[in-house]
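A.B. asks: The following file, upload.txt, comprises compact mmCIF, C-alpha atoms:
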```
# COMPACT_ATOMS: atom_id res chain seq x y z
CA MET A 13 6.78 -14.90 -8.90
CA LYS A 14 8.20 -13.41 -12.07
CA PRO A 15 6.32 -10.65 -13.90
CA ASN A 16 4.88 -11.57 -17.28
CA LYS A 17 7.31 -10.54 -20.03
CA ALA A 18 4.45 -8.80 -21.85
CA PHE A 19 3.81 -6.65 -18.81
CA LYS A 20 4.57 -3.02 -19.55
CA LEU A 21 5.04 -0.43 -16.86
CA ALA A 22 5.65 3.09 -18.04
CA ARG A 23 6.36 5.92 -15.62
CA PHE A 24 5.36 9.50 -16.30
CA THR A 25 6.30 12.35 -14.00
CA ARG A 26 4.57 15.71 -13.84
CA TRP A 27 6.83 18.52 -12.59
CA ASP A 28 5.97 21.09 -9.94
CA ARG A 29 6.97 24.47 -11.40
CA ARG A 30 7.29 26.05 -7.95
CA THR A 31 9.91 23.61 -6.63
CA ALA A 32 11.29 22.40 -9.99
CA GLY A 33 10.84 18.87 -8.63
CA PRO A 34 8.57 15.94 -9.37
CA LEU A 35 4.99 16.51 -8.31
CA ILE A 36 3.48 13.14 -9.03
CA SER A 37 4.47 9.93 -10.75
CA ARG A 38 1.94 8.17 -12.92
CA TYR A 39 2.21 4.60 -14.10
CA ALA A 40 0.45 3.12 -17.11
CA LEU A 41 -0.13 -0.61 -16.98
CA LYS A 42 -0.41 -2.31 -20.37
CA GLY A 43 -3.43 -0.49 -21.71
CA GLU A 44 -5.09 -0.23 -18.30
CA SER A 45 -5.91 2.96 -16.46
CA VAL A 46 -3.13 5.15 -15.16
CA LEU A 47 -2.09 4.53 -11.55
CA GLU A 48 -0.86 7.29 -9.30
CA PRO A 49 0.64 5.59 -6.23
CA VAL A 50 0.26 7.48 -2.97
CA VAL A 51 3.48 8.09 -1.06
CA GLN A 52 3.29 8.46 2.71
CA GLU A 53 4.22 11.87 4.04
CA GLU A 54 4.97 10.74 7.59
CA THR A 55 7.11 7.92 8.96
CA THR A 56 4.09 6.18 10.47
CA GLY A 57 1.72 7.01 7.60
CA CYS A 58 1.91 3.75 5.65
CA GLY A 59 -1.58 2.62 6.74
CA ILE A 60 -3.14 5.93 5.77
CA ALA A 61 -1.30 5.85 2.43
CA SER A 62 -2.33 2.23 1.79
CA VAL A 63 -5.99 3.05 2.37
CA ALA A 64 -5.59 6.08 0.08
CA ASN A 65 -4.11 3.77 -2.60
CA ILE A 66 -7.16 1.48 -2.32
CA LEU A 67 -9.73 4.30 -2.31
CA GLY A 68 -8.08 6.46 -4.99
CA LYS A 69 -7.53 9.42 -2.66
CA THR A 70 -4.49 11.59 -2.07
CA TYR A 71 -2.50 11.27 1.13
CA SER A 72 -3.76 14.62 2.42
CA GLU A 73 -7.40 13.69 1.68
CA MET A 74 -7.05 10.37 3.50
CA LYS A 75 -5.15 11.95 6.38
CA ALA A 76 -8.01 14.44 6.90
CA VAL A 77 -10.52 11.56 6.97
CA ALA A 78 -8.32 9.59 9.38
CA ASN A 79 -7.82 12.58 11.67
CA ALA A 80 -11.58 13.21 11.78
CA MET A 81 -11.93 9.59 12.93
CA GLY A 82 -9.34 10.11 15.68
CA ILE A 83 -6.62 8.28 13.72
CA HIS A 84 -3.30 10.14 13.61
CA ALA A 85 -0.08 9.06 11.87
CA SER A 86 1.93 10.30 14.85
CA ASP A 87 0.43 7.46 16.93
CA LYS A 88 3.06 4.70 16.83
CA SER A 89 0.44 2.10 17.82
CA LEU A 90 -0.66 2.28 14.17
CA TRP A 91 2.38 0.15 13.34
CA SER A 92 0.94 -2.74 15.32
CA ASP A 93 -2.84 -2.45 14.92
CA THR A 94 -5.08 -3.67 12.10
CA GLN A 95 -8.35 -2.10 13.22
CA TYR A 96 -7.68 1.47 12.12
CA VAL A 97 -7.20 0.53 8.44
CA ARG A 98 -10.34 -1.56 8.63
CA ARG A 99 -12.24 1.39 10.15
CA MET A 100 -11.06 3.78 7.41
CA LEU A 101 -12.02 1.33 4.65
CA SER A 102 -15.35 0.49 6.30
CA SER A 103 -16.23 4.18 6.57
CA ALA A 104 -15.86 4.35 2.77
CA GLY A 105 -18.13 1.30 2.30
CA VAL A 106 -15.27 -1.12 1.61
CA LYS A 107 -15.46 -4.56 3.21
CA THR A 108 -12.40 -6.40 4.51
CA SER A 109 -11.89 -9.90 5.81
CA ALA A 110 -12.59 -10.21 9.53
CA ASP A 111 -9.22 -11.78 10.30
CA GLU A 112 -5.67 -11.68 9.04
CA ALA A 113 -4.74 -14.69 6.91
CA PRO A 114 -1.21 -16.08 6.86
CA PHE A 115 0.72 -15.37 3.67
CA GLU A 116 1.30 -18.60 1.74
CA SER A 117 2.22 -17.49 -1.77
CA TRP A 118 1.78 -14.55 -4.15
CA GLU A 119 -0.40 -16.71 -6.40
CA ALA A 120 -2.78 -17.52 -3.50
CA LEU A 121 -3.47 -13.86 -2.66
CA PRO A 122 -6.84 -12.35 -3.56
CA ASN A 123 -6.90 -9.68 -6.27
CA LEU A 124 -6.75 -6.90 -3.66
CA ALA A 125 -5.21 -7.12 -0.19
CA LEU A 126 -3.42 -5.18 2.51
CA LEU A 127 -0.10 -6.90 3.26
CA SER A 128 2.16 -6.70 6.27
CA ILE A 129 5.83 -6.61 5.29
CA LYS A 130 8.97 -5.72 7.26
CA HIS A 131 7.43 -7.59 10.18
CA HIS A 132 9.46 -7.35 13.40
CA GLN A 133 9.07 -7.23 17.16
CA GLU A 134 10.06 -4.53 19.63
CA GLU A 135 9.75 -5.28 23.33
CA GLY A 136 7.48 -8.24 22.51
CA LYS A 137 5.11 -6.19 20.34
CA ASP A 138 4.57 -6.85 16.61
CA PHE A 139 5.25 -4.07 14.08
CA TRP A 140 5.05 -3.99 10.28
CA HIS A 141 4.82 -1.81 7.18
CA TRP A 142 1.53 -1.73 5.24
CA VAL A 143 1.50 -2.21 1.45
CA VAL A 144 -1.27 -2.97 -1.05
CA PHE A 145 -1.22 -6.06 -3.28
CA LYS A 146 -3.23 -5.72 -6.46
CA ARG A 147 -3.78 -7.48 -9.77
CA VAL A 148 -4.58 -5.39 -12.85
CA GLY A 149 -5.31 -7.29 -16.03
CA GLY A 150 -4.08 -10.43 -14.26
CA GLU A 151 -0.69 -8.87 -13.53
CA PRO A 152 0.38 -8.73 -9.87
CA PHE A 153 2.13 -5.78 -8.24
CA VAL A 154 2.50 -4.08 -4.88
CA LEU A 155 1.83 -0.42 -4.14
CA ASP A 156 4.39 0.49 -1.48
CA SER A 157 4.06 3.99 -0.06
CA ALA A 158 7.62 4.25 1.32
CA SER A 159 9.11 7.58 0.22
CA TYR A 160 12.66 6.24 -0.22
CA LEU A 161 11.78 3.78 -3.00
CA PRO A 162 12.81 4.53 -6.61
CA SER A 163 9.40 3.20 -7.70
CA ASN A 164 6.31 2.81 -5.54
CA ILE A 165 4.97 0.07 -7.80
CA ARG A 166 6.91 -3.06 -6.96
CA GLN A 167 7.31 -6.49 -8.49
CA ASP A 168 10.39 -7.57 -6.53
CA PHE A 169 8.27 -10.19 -4.78
CA ASP A 170 11.17 -12.15 -3.28
CA ALA A 171 12.40 -9.08 -1.40
CA MET A 172 9.14 -8.26 0.39
CA GLN A 173 8.44 -11.39 2.50
CA PRO A 174 4.88 -10.71 3.76
CA LYS A 175 3.77 -12.34 7.01
CA TRP A 176 -0.03 -12.07 6.59
CA PHE A 177 -2.73 -10.20 4.67
CA ILE A 178 -6.21 -8.72 4.96
CA GLU A 179 -8.45 -9.32 1.95
CA VAL A 180 -10.13 -6.20 0.57
CA GLU A 181 -13.39 -7.37 -0.94
CA ASN A 182 -15.42 -4.65 -2.64
CA ALA A 183 -13.23 -1.64 -3.36
```
Can you present the structure in this file as structure tokens?
C.D. replies:
Amino acid sequence: MKPNKAFKLARFTRWDRRTAGPLISRYALKGESVLEPVVQEETTGCGIASVANILGKTYSEMKAVANAMGIHASDKSLWSDTQYVRRMLSSAGVKTSADEAPFESWEALPNLALLSIKHHQEEGKDFWHWVVFKRVGGEPFVLDSASYLPSNIRQDFDAMQPKWFIEVENA
């Protein structure tokens, strides 16, 4: 899927005066509201960051909610479990599909979904990286919380190769 040529993505960075480094990146999408993608602060924090991206919370806010629910980013089982993201979303009143649906195409995705990318197996167990697929003003993009990315809003659809998704229905 190619982005629409009229699609405009502008990045604005606010600087942290204490560290003289970037504090937060903001993205404006063609006259839509400003997006502030959440970046995960822990190696296994992609699920927490993805839920934060859906709910409009910061990573630290969502981590506190997750920890209060007994969900901790240090638990490596989070890489291979779908229930904890469902529990976090449900606790905020957000409904998700009951089952994972196989990825068929970017065009067939609902307007908001959790995607599994970087799918692999270790010792017979499935692992993946959580990202959020979203359409704003009809334009598709992915919010990827990985800290090493130059931009956490992605449209390099061919590079991501999702395996399945969970529809997010009423966020």
A.B. asks: Tell me, in Å to one decimal, how far CA of Gly82 in chain A is from CA of Ser103 in chain A.
C.D. replies: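 Computing the Euclidean distance for CA of Gly82 in chain A and CA of Ser103 in chain A yields 12.9 Å.
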A.B. asks: Could you check how far CA of Tyr71 in chain A sits from CA of Leu124 in chain A, in Å to one decimal?
C.D. replies: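 CA of Leu124 in chain A lies at a distance of 19.3 Å from CA of Tyr71 in chain A.
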A.B. asks: Residues at most 6 Å from Leu126 in chain A, counting only C-alpha atoms, excluding those fewer than 2 positions away in the same chain, as an NGL selection string?
C.D. replies: :A and (143-144 or 177-178)
A.B. asks: Taking into account only C-alpha atoms, which residue in the set A:Lys69, A:His141, A:His132, A:Lys75 is nearest to Thr94 in chain A?
C.D. replies: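 Ranked by minimum distance to Thr94 in chain A, first place goes to A:His141.
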A.B. asks: Considering only C-alpha atoms, can you say which of A:Glu48, A:Glu53, A:Glu116, A:Glu73 comes closest to Ser86 in chain A?
C.D. replies: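 Looking at the shortest contact to Ser86 in chain A, the residue is A:Glu53.
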A.B. asks: Would you work out the distance separating CA of Met81 in chain A from CA of Asp138 in chain A, expressed in Å to one decimal?
C.D. replies: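 Straight-line distance from CA of Met81 in chain A to CA of Asp138 in chain A works out to 23.6 Å.
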